[in-house]
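Peer 1: Sharing structure-v5.cif (mmCIF, N, CA and C atoms) below.
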```cif
data_data
#
loop_
_atom_site.label_atom_id
_atom_site.label_comp_id
_atom_site.auth_asym_id
_atom_site.auth_seq_id
_atom_site.Cartn_x
_atom_site.Cartn_y
_atom_site.Cartn_z
N MET A 1 0.82 -1.18 0.00
CA MET A 1 0.00 0.00 0.00
C MET A 1 0.87 1.26 0.00
N LEU A 2 1.86 1.29 0.86
CA LEU A 2 2.75 2.44 0.90
C LEU A 2 3.49 2.60 -0.42
N TRP A 3 3.93 1.48 -0.98
CA TRP A 3 4.64 1.54 -2.27
C TRP A 3 3.76 2.13 -3.36
N ASN A 4 2.48 1.75 -3.38
CA ASN A 4 1.53 2.26 -4.37
C ASN A 4 1.35 3.76 -4.21
N MET A 5 1.25 4.26 -2.98
CA MET A 5 1.08 5.69 -2.73
C MET A 5 2.32 6.45 -3.18
N MET A 6 3.49 5.90 -2.93
CA MET A 6 4.73 6.56 -3.35
C MET A 6 4.82 6.60 -4.87
N SER A 7 4.42 5.53 -5.53
CA SER A 7 4.44 5.48 -6.98
C SER A 7 3.49 6.51 -7.58
N GLN A 8 2.30 6.64 -7.01
CA GLN A 8 1.34 7.62 -7.50
C GLN A 8 1.86 9.04 -7.27
N GLY A 9 2.48 9.28 -6.13
CA GLY A 9 3.04 10.59 -5.84
C GLY A 9 4.17 10.94 -6.80
N ARG A 10 4.98 9.96 -7.12
CA ARG A 10 6.08 10.19 -8.07
C ARG A 10 5.53 10.52 -9.44
N GLN A 11 4.50 9.79 -9.88
CA GLN A 11 3.89 10.04 -11.19
C GLN A 11 3.24 11.43 -11.23
N ALA A 12 2.59 11.82 -10.14
CA ALA A 12 1.97 13.15 -10.08
C ALA A 12 3.04 14.24 -10.19
N PHE A 13 4.18 14.04 -9.53
CA PHE A 13 5.26 15.01 -9.61
C PHE A 13 5.82 15.10 -11.02
N ILE A 14 6.02 13.96 -11.67
CA ILE A 14 6.54 13.94 -13.03
C ILE A 14 5.60 14.69 -13.97
N GLU A 15 4.29 14.42 -13.85
CA GLU A 15 3.32 15.09 -14.73
C GLU A 15 3.26 16.59 -14.43
N TRP A 16 3.37 16.98 -13.15
CA TRP A 16 3.38 18.40 -12.81
C TRP A 16 4.57 19.09 -13.49
N ARG A 17 5.74 18.44 -13.42
CA ARG A 17 6.94 19.01 -14.03
C ARG A 17 6.79 19.08 -15.56
N GLN A 18 6.20 18.05 -16.17
CA GLN A 18 6.00 18.06 -17.62
C GLN A 18 5.03 19.18 -18.02
N LYS A 19 3.96 19.37 -17.26
CA LYS A 19 3.01 20.44 -17.58
C LYS A 19 3.67 21.81 -17.45
N LYS A 20 4.51 21.99 -16.44
CA LYS A 20 5.22 23.25 -16.27
C LYS A 20 6.14 23.50 -17.47
N THR A 21 6.83 22.46 -17.90
CA THR A 21 7.72 22.59 -19.06
C THR A 21 6.93 22.94 -20.31
N LEU A 22 5.78 22.30 -20.52
CA LEU A 22 4.94 22.61 -21.67
C LEU A 22 4.49 24.07 -21.64
N ARG A 23 4.02 24.55 -20.47
CA ARG A 23 3.61 25.96 -20.36
C ARG A 23 4.77 26.88 -20.68
N ASP A 24 5.95 26.58 -20.13
CA ASP A 24 7.13 27.41 -20.39
C ASP A 24 7.47 27.43 -21.87
N MET A 25 7.41 26.27 -22.52
CA MET A 25 7.74 26.20 -23.95
C MET A 25 6.74 27.01 -24.78
N LEU A 26 5.46 26.92 -24.44
CA LEU A 26 4.44 27.63 -25.22
C LEU A 26 4.43 29.13 -24.92
N ASN A 27 4.90 29.54 -23.75
CA ASN A 27 4.96 30.96 -23.40
C ASN A 27 6.28 31.61 -23.77
N ASP A 28 7.24 30.83 -24.24
CA ASP A 28 8.56 31.34 -24.60
C ASP A 28 8.42 32.35 -25.74
N PRO A 29 8.91 33.56 -25.56
CA PRO A 29 8.78 34.58 -26.62
C PRO A 29 9.54 34.23 -27.90
N ARG A 30 10.44 33.28 -27.83
CA ARG A 30 11.18 32.89 -29.04
C ARG A 30 10.38 31.99 -29.97
N SER A 31 9.28 31.40 -29.45
CA SER A 31 8.48 30.52 -30.30
C SER A 31 7.62 31.36 -31.23
N ALA A 32 7.47 30.91 -32.45
CA ALA A 32 6.73 31.65 -33.47
C ALA A 32 5.25 31.74 -33.09
N LYS A 33 4.77 32.95 -32.86
CA LYS A 33 3.36 33.21 -32.54
C LYS A 33 2.87 32.43 -31.33
N GLY A 34 3.76 32.03 -30.46
CA GLY A 34 3.35 31.27 -29.29
C GLY A 34 2.96 29.84 -29.60
N CYS A 35 3.36 29.34 -30.76
CA CYS A 35 3.01 27.98 -31.18
C CYS A 35 4.25 27.11 -31.20
N ARG A 36 4.04 25.84 -30.93
CA ARG A 36 5.11 24.85 -31.03
C ARG A 36 4.56 23.60 -31.70
N SER A 37 5.41 22.91 -32.41
CA SER A 37 4.98 21.66 -33.04
C SER A 37 4.89 20.57 -31.99
N ILE A 38 4.05 19.60 -32.24
CA ILE A 38 3.89 18.49 -31.30
C ILE A 38 5.20 17.74 -31.13
N GLY A 39 6.00 17.66 -32.19
CA GLY A 39 7.31 17.00 -32.11
C GLY A 39 8.24 17.70 -31.14
N GLN A 40 8.28 19.04 -31.18
CA GLN A 40 9.12 19.80 -30.25
C GLN A 40 8.65 19.60 -28.82
N LEU A 41 7.34 19.62 -28.64
CA LEU A 41 6.79 19.48 -27.29
C LEU A 41 7.04 18.08 -26.74
N GLU A 42 6.90 17.06 -27.59
CA GLU A 42 7.19 15.68 -27.15
C GLU A 42 8.63 15.56 -26.67
N LYS A 43 9.55 16.07 -27.47
CA LYS A 43 10.97 15.99 -27.11
C LYS A 43 11.27 16.79 -25.85
N GLY A 44 10.60 17.92 -25.71
CA GLY A 44 10.84 18.79 -24.56
C GLY A 44 10.49 18.15 -23.23
N ILE A 45 9.49 17.27 -23.24
CA ILE A 45 9.10 16.62 -21.97
C ILE A 45 9.43 15.13 -21.96
N ALA A 46 10.06 14.65 -23.01
CA ALA A 46 10.46 13.23 -23.11
C ALA A 46 9.27 12.30 -22.90
N ALA A 47 8.21 12.54 -23.68
CA ALA A 47 7.00 11.72 -23.58
C ALA A 47 6.52 11.36 -24.97
N ASP A 48 5.63 10.39 -25.04
CA ASP A 48 5.06 10.02 -26.33
C ASP A 48 3.95 11.01 -26.72
N ARG A 49 3.46 10.88 -27.95
CA ARG A 49 2.47 11.82 -28.47
C ARG A 49 1.18 11.82 -27.65
N ALA A 50 0.68 10.65 -27.30
CA ALA A 50 -0.59 10.56 -26.56
C ALA A 50 -0.47 11.26 -25.20
N THR A 51 0.62 11.03 -24.50
CA THR A 51 0.83 11.66 -23.20
C THR A 51 0.96 13.17 -23.36
N THR A 52 1.72 13.59 -24.36
CA THR A 52 1.92 15.02 -24.59
C THR A 52 0.59 15.70 -24.89
N GLU A 53 -0.22 15.11 -25.77
CA GLU A 53 -1.51 15.71 -26.10
C GLU A 53 -2.43 15.74 -24.89
N ARG A 54 -2.43 14.69 -24.09
CA ARG A 54 -3.27 14.66 -22.88
C ARG A 54 -2.86 15.78 -21.92
N LEU A 55 -1.56 15.95 -21.71
CA LEU A 55 -1.09 17.00 -20.81
C LEU A 55 -1.36 18.40 -21.38
N LEU A 56 -1.23 18.56 -22.70
CA LEU A 56 -1.54 19.85 -23.32
C LEU A 56 -3.00 20.23 -23.09
N LEU A 57 -3.89 19.27 -23.23
CA LEU A 57 -5.31 19.55 -23.01
C LEU A 57 -5.58 19.91 -21.55
N THR A 58 -4.86 19.30 -20.61
CA THR A 58 -5.10 19.60 -19.20
C THR A 58 -4.62 21.00 -18.82
N ILE A 59 -3.65 21.56 -19.55
CA ILE A 59 -3.19 22.92 -19.24
C ILE A 59 -3.94 23.96 -20.06
N GLY A 60 -4.89 23.53 -20.86
CA GLY A 60 -5.70 24.48 -21.61
C GLY A 60 -5.15 24.85 -22.97
N ALA A 61 -4.20 24.09 -23.47
CA ALA A 61 -3.66 24.37 -24.80
C ALA A 61 -4.64 23.86 -25.86
N ARG A 62 -4.48 24.38 -27.06
CA ARG A 62 -5.34 23.94 -28.16
C ARG A 62 -4.49 23.83 -29.43
N ARG A 63 -5.02 23.03 -30.36
CA ARG A 63 -4.36 22.91 -31.67
C ARG A 63 -4.67 24.16 -32.49
N THR A 64 -3.71 24.56 -33.30
CA THR A 64 -3.97 25.65 -34.24
C THR A 64 -4.60 25.04 -35.49
N GLU A 65 -4.76 25.86 -36.50
CA GLU A 65 -5.39 25.38 -37.74
C GLU A 65 -4.66 24.17 -38.30
N THR A 66 -3.35 24.18 -38.22
CA THR A 66 -2.58 22.99 -38.62
C THR A 66 -2.48 22.11 -37.39
N SER A 67 -2.92 20.89 -37.48
CA SER A 67 -3.04 20.04 -36.30
C SER A 67 -1.70 19.70 -35.65
N GLU A 68 -0.59 20.03 -36.28
CA GLU A 68 0.71 19.72 -35.70
C GLU A 68 1.22 20.83 -34.78
N GLN A 69 0.51 21.95 -34.70
CA GLN A 69 0.93 23.08 -33.87
C GLN A 69 0.00 23.24 -32.68
N TRP A 70 0.55 23.60 -31.52
CA TRP A 70 -0.22 23.81 -30.31
C TRP A 70 0.10 25.18 -29.73
N THR A 71 -0.89 25.80 -29.08
CA THR A 71 -0.72 27.12 -28.48
C THR A 71 -1.56 27.24 -27.22
N LEU A 72 -1.20 28.21 -26.38
CA LEU A 72 -2.01 28.56 -25.22
C LEU A 72 -2.86 29.79 -25.52
N ALA A 73 -2.61 30.42 -26.66
CA ALA A 73 -3.33 31.65 -27.02
C ALA A 73 -4.81 31.34 -27.28
N PRO A 74 -5.69 32.29 -26.94
CA PRO A 74 -7.12 32.10 -27.24
C PRO A 74 -7.35 31.95 -28.74
N ALA A 75 -8.45 31.31 -29.09
CA ALA A 75 -8.79 31.10 -30.51
C ALA A 75 -8.86 32.43 -31.24
N GLY A 76 -8.31 32.44 -32.45
CA GLY A 76 -8.33 33.63 -33.29
C GLY A 76 -7.13 34.56 -33.12
N THR A 77 -6.27 34.30 -32.13
CA THR A 77 -5.11 35.17 -31.95
C THR A 77 -3.81 34.54 -32.40
N ALA A 78 -3.80 33.25 -32.59
CA ALA A 78 -2.55 32.56 -32.99
C ALA A 78 -2.55 32.30 -34.48
#
```
Produce structure tokens that represent the structure in this file.

Peer 2:
Amino acid sequence: MLWNMMSQGRQAFIEWRQKKTLRDMLNDPRSAKGCRSIGQLEKGIAADRATTERLLLTIGARRTETSEQWTLAPAGTA
């Protein structure tokens, strides 16, 4: 039981850190129009596409018109 709680806590910390990294990458002023490709984001957090997309949705990111780009900007501004 204790081992399971520690494992869940570790996973929660890893996901928190990955979400912070995603926010930082999308808010970086060097990124074009506040957008990043899914490939860049995957590499940035060392995760697969499904995990990256799930975490992007939890932080409120959305796909731009081209489905390979993601942004935190409201619709119509990116």

Peer 1: Could you list the residues chosen by the PyMOL selection byres (((chain A and resi 22 and name CA) around 8) and name CA) in this structure as a list in words?

Peer 2: Gln18, Lys19, Lys20, Thr21, Arg23, Asp24, Met25, Leu26, Leu41, Gly44, Ile45 and Leu56 of chain A

Peer 1: Take the residues that were just selected and, keeping N, CA and C atoms, output them as a PDB file, in the frame of the given file.

Peer 2:
```
ATOM      1  N   GLN A  18       6.200  18.050 -16.170  1.00  0.00           N
ATOM      2  CA  GLN A  18       6.000  18.060 -17.620  1.00  0.00           C
ATOM      3  C   GLN A  18       5.030  19.180 -18.020  1.00  0.00           C
ATOM      4  N   LYS A  19       3.960  19.370 -17.260  1.00  0.00           N
ATOM      5  CA  LYS A  19       3.010  20.440 -17.580  1.00  0.00           C
ATOM      6  C   LYS A  19       3.670  21.810 -17.450  1.00  0.00           C
ATOM      7  N   LYS A  20       4.510  21.990 -16.440  1.00  0.00           N
ATOM      8  CA  LYS A  20       5.220  23.250 -16.270  1.00  0.00           C
ATOM      9  C   LYS A  20       6.140  23.500 -17.470  1.00  0.00           C
ATOM     10  N   THR A  21       6.830  22.460 -17.900  1.00  0.00           N
ATOM     11  CA  THR A  21       7.720  22.590 -19.060  1.00  0.00           C
ATOM     12  C   THR A  21       6.930  22.940 -20.310  1.00  0.00           C
ATOM     13  N   ARG A  23       4.020  24.550 -20.470  1.00  0.00           N
ATOM     14  CA  ARG A  23       3.610  25.960 -20.360  1.00  0.00           C
ATOM     15  C   ARG A  23       4.770  26.880 -20.680  1.00  0.00           C
ATOM     16  N   ASP A  24       5.950  26.580 -20.130  1.00  0.00           N
ATOM     17  CA  ASP A  24       7.130  27.410 -20.390  1.00  0.00           C
ATOM     18  C   ASP A  24       7.470  27.430 -21.870  1.00  0.00           C
ATOM     19  N   MET A  25       7.410  26.270 -22.520  1.00  0.00           N
ATOM     20  CA  MET A  25       7.740  26.200 -23.950  1.00  0.00           C
ATOM     21  C   MET A  25       6.740  27.010 -24.780  1.00  0.00           C
ATOM     22  N   LEU A  26       5.460  26.920 -24.440  1.00  0.00           N
ATOM     23  CA  LEU A  26       4.440  27.630 -25.220  1.00  0.00           C
ATOM     24  C   LEU A  26       4.430  29.130 -24.920  1.00  0.00           C
ATOM     25  N   LEU A  41       7.340  19.620 -28.640  1.00  0.00           N
ATOM     26  CA  LEU A  41       6.790  19.480 -27.290  1.00  0.00           C
ATOM     27  C   LEU A  41       7.040  18.080 -26.740  1.00  0.00           C
ATOM     28  N   GLY A  44      10.600  17.920 -25.710  1.00  0.00           N
ATOM     29  CA  GLY A  44      10.840  18.790 -24.560  1.00  0.00           C
ATOM     30  C   GLY A  44      10.490  18.150 -23.230  1.00  0.00           C
ATOM     31  N   ILE A  45       9.490  17.270 -23.240  1.00  0.00           N
ATOM     32  CA  ILE A  45       9.100  16.620 -21.970  1.00  0.00           C
ATOM     33  C   ILE A  45       9.430  15.130 -21.960  1.00  0.00           C
ATOM     34  N   LEU A  56      -1.230  18.560 -22.700  1.00  0.00           N
ATOM     35  CA  LEU A  56      -1.540  19.850 -23.320  1.00  0.00           C
ATOM     36  C   LEU A  56      -3.000  20.230 -23.090  1.00  0.00           C
TER      37      LEU A  56
END
```

Peer 1: How far is it from atom CA of A:Glu68 to atom N of A:Glu15, in Å with one decimal?

Peer 2: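 According to the coordinates, atom CA of A:Glu68 and atom N of A:Glu15 are separated by 22.8 Å.
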
Peer 1: Separation of atom N of A:Pro29 and atom CA of A:Glu42, in Å?

Peer 2: 18.0 Å

Peer 1: Can you tell me, as lines of an AutoDock Vina configuration file, the centre and edge lengths (Å, one decimal) of the axis-aligned box enclosing all of stretch 5-17 of chain A's listed atoms after padding each side by 4 Å?

Peer 2:
```
center_x = 4.0
center_y = 11.7
center_z = -9.1
size_x = 13.9
size_y = 22.8
size_z = 20.8
```

Peer 1: If the PyMOL selection byres (((chain A and resi 70-75 and name CA) around 7) and name CA) is run on the structure shown, which residues does it catch, given as a ChimeraX atom specification?

Peer 2: /A:26,34-38,60-64,68-69,76-78

Peer 1: Quick one: distance from atom N of A:Gly9 to atom C of A:Asn27 in Å, one decimal?

Peer 2: 28.7 Å

Peer 1: Among the residues of stretch 8-61 of chain A, find those DSSP assigns to alpha helix (DSSP H) from the backbone and print them as an mmCIF file with N, CA and C atoms, keeping the file's coordinate frame.

Peer 2:
```cif
data_model
loop_
_atom_site.group_PDB
_atom_site.id
_atom_site.type_symbol
_atom_site.label_atom_id
_atom_site.label_comp_id
_atom_site.auth_asym_id
_atom_site.auth_seq_id
_atom_site.Cartn_x
_atom_site.Cartn_y
_atom_site.Cartn_z
ATOM 1 N N GLN A 8 2.300 6.640 -7.010
ATOM 2 C CA GLN A 8 1.340 7.620 -7.500
ATOM 3 C C GLN A 8 1.860 9.040 -7.270
ATOM 4 N N GLY A 9 2.480 9.280 -6.130
ATOM 5 C CA GLY A 9 3.040 10.590 -5.840
ATOM 6 C C GLY A 9 4.170 10.940 -6.800
ATOM 7 N N ARG A 10 4.980 9.960 -7.120
ATOM 8 C CA ARG A 10 6.080 10.190 -8.070
ATOM 9 C C ARG A 10 5.530 10.520 -9.440
ATOM 10 N N GLN A 11 4.500 9.790 -9.880
ATOM 11 C CA GLN A 11 3.890 10.040 -11.190
ATOM 12 C C GLN A 11 3.240 11.430 -11.230
ATOM 13 N N ALA A 12 2.590 11.820 -10.140
ATOM 14 C CA ALA A 12 1.970 13.150 -10.080
ATOM 15 C C ALA A 12 3.040 14.240 -10.190
ATOM 16 N N PHE A 13 4.180 14.040 -9.530
ATOM 17 C CA PHE A 13 5.260 15.010 -9.610
ATOM 18 C C PHE A 13 5.820 15.100 -11.020
ATOM 19 N N ILE A 14 6.020 13.960 -11.670
ATOM 20 C CA ILE A 14 6.540 13.940 -13.030
ATOM 21 C C ILE A 14 5.600 14.690 -13.970
ATOM 22 N N GLU A 15 4.290 14.420 -13.850
ATOM 23 C CA GLU A 15 3.320 15.090 -14.730
ATOM 24 C C GLU A 15 3.260 16.590 -14.430
ATOM 25 N N TRP A 16 3.370 16.980 -13.150
ATOM 26 C CA TRP A 16 3.380 18.400 -12.810
ATOM 27 C C TRP A 16 4.570 19.090 -13.490
ATOM 28 N N ARG A 17 5.740 18.440 -13.420
ATOM 29 C CA ARG A 17 6.940 19.010 -14.030
ATOM 30 C C ARG A 17 6.790 19.080 -15.560
ATOM 31 N N GLN A 18 6.200 18.050 -16.170
ATOM 32 C CA GLN A 18 6.000 18.060 -17.620
ATOM 33 C C GLN A 18 5.030 19.180 -18.020
ATOM 34 N N LYS A 19 3.960 19.370 -17.260
ATOM 35 C CA LYS A 19 3.010 20.440 -17.580
ATOM 36 C C LYS A 19 3.670 21.810 -17.450
ATOM 37 N N LYS A 20 4.510 21.990 -16.440
ATOM 38 C CA LYS A 20 5.220 23.250 -16.270
ATOM 39 C C LYS A 20 6.140 23.500 -17.470
ATOM 40 N N THR A 21 6.830 22.460 -17.900
ATOM 41 C CA THR A 21 7.720 22.590 -19.060
ATOM 42 C C THR A 21 6.930 22.940 -20.310
ATOM 43 N N LEU A 22 5.780 22.300 -20.520
ATOM 44 C CA LEU A 22 4.940 22.610 -21.670
ATOM 45 C C LEU A 22 4.490 24.070 -21.640
ATOM 46 N N ARG A 23 4.020 24.550 -20.470
ATOM 47 C CA ARG A 23 3.610 25.960 -20.360
ATOM 48 C C ARG A 23 4.770 26.880 -20.680
ATOM 49 N N ASP A 24 5.950 26.580 -20.130
ATOM 50 C CA ASP A 24 7.130 27.410 -20.390
ATOM 51 C C ASP A 24 7.470 27.430 -21.870
ATOM 52 N N MET A 25 7.410 26.270 -22.520
ATOM 53 C CA MET A 25 7.740 26.200 -23.950
ATOM 54 C C MET A 25 6.740 27.010 -24.780
ATOM 55 N N LEU A 26 5.460 26.920 -24.440
ATOM 56 C CA LEU A 26 4.440 27.630 -25.220
ATOM 57 C C LEU A 26 4.430 29.130 -24.920
ATOM 58 N N ASN A 27 4.900 29.540 -23.750
ATOM 59 C CA ASN A 27 4.960 30.960 -23.400
ATOM 60 C C ASN A 27 6.280 31.610 -23.770
ATOM 61 N N ILE A 38 4.050 19.600 -32.240
ATOM 62 C CA ILE A 38 3.890 18.490 -31.300
ATOM 63 C C ILE A 38 5.200 17.740 -31.130
ATOM 64 N N GLY A 39 6.000 17.660 -32.190
ATOM 65 C CA GLY A 39 7.310 17.000 -32.110
ATOM 66 C C GLY A 39 8.240 17.700 -31.140
ATOM 67 N N GLN A 40 8.280 19.040 -31.180
ATOM 68 C CA GLN A 40 9.120 19.800 -30.250
ATOM 69 C C GLN A 40 8.650 19.600 -28.820
ATOM 70 N N LEU A 41 7.340 19.620 -28.640
ATOM 71 C CA LEU A 41 6.790 19.480 -27.290
ATOM 72 C C LEU A 41 7.040 18.080 -26.740
ATOM 73 N N GLU A 42 6.900 17.060 -27.590
ATOM 74 C CA GLU A 42 7.190 15.680 -27.150
ATOM 75 C C GLU A 42 8.630 15.560 -26.670
ATOM 76 N N LYS A 43 9.550 16.070 -27.470
ATOM 77 C CA LYS A 43 10.970 15.990 -27.110
ATOM 78 C C LYS A 43 11.270 16.790 -25.850
ATOM 79 N N GLY A 44 10.600 17.920 -25.710
ATOM 80 C CA GLY A 44 10.840 18.790 -24.560
ATOM 81 C C GLY A 44 10.490 18.150 -23.230
ATOM 82 N N ILE A 45 9.490 17.270 -23.240
ATOM 83 C CA ILE A 45 9.100 16.620 -21.970
ATOM 84 C C ILE A 45 9.430 15.130 -21.960
ATOM 85 N N ARG A 49 3.460 10.880 -27.950
ATOM 86 C CA ARG A 49 2.470 11.820 -28.470
ATOM 87 C C ARG A 49 1.180 11.820 -27.650
ATOM 88 N N ALA A 50 0.680 10.650 -27.300
ATOM 89 C CA ALA A 50 -0.590 10.560 -26.560
ATOM 90 C C ALA A 50 -0.470 11.260 -25.200
ATOM 91 N N THR A 51 0.620 11.030 -24.500
ATOM 92 C CA THR A 51 0.830 11.660 -23.200
ATOM 93 C C THR A 51 0.960 13.170 -23.360
ATOM 94 N N THR A 52 1.720 13.590 -24.360
ATOM 95 C CA THR A 52 1.920 15.020 -24.590
ATOM 96 C C THR A 52 0.590 15.700 -24.890
ATOM 97 N N GLU A 53 -0.220 15.110 -25.770
ATOM 98 C CA GLU A 53 -1.510 15.710 -26.100
ATOM 99 C C GLU A 53 -2.430 15.740 -24.890
ATOM 100 N N ARG A 54 -2.430 14.690 -24.090
ATOM 101 C CA ARG A 54 -3.270 14.660 -22.880
ATOM 102 C C ARG A 54 -2.860 15.780 -21.920
ATOM 103 N N LEU A 55 -1.560 15.950 -21.710
ATOM 104 C CA LEU A 55 -1.090 17.000 -20.810
ATOM 105 C C LEU A 55 -1.360 18.400 -21.380
ATOM 106 N N LEU A 56 -1.230 18.560 -22.700
ATOM 107 C CA LEU A 56 -1.540 19.850 -23.320
ATOM 108 C C LEU A 56 -3.000 20.230 -23.090
ATOM 109 N N LEU A 57 -3.890 19.270 -23.230
ATOM 110 C CA LEU A 57 -5.310 19.550 -23.010
ATOM 111 C C LEU A 57 -5.580 19.910 -21.550
ATOM 112 N N THR A 58 -4.860 19.300 -20.610
ATOM 113 C CA THR A 58 -5.100 19.600 -19.200
ATOM 114 C C THR A 58 -4.620 21.000 -18.820
#
```

Peer 1: DSSP says strand (DSSP E) for which residues of chain A? Put them as a PyMOL selection string?

Peer 2: chain A and resi 35-37+62-63+69-71
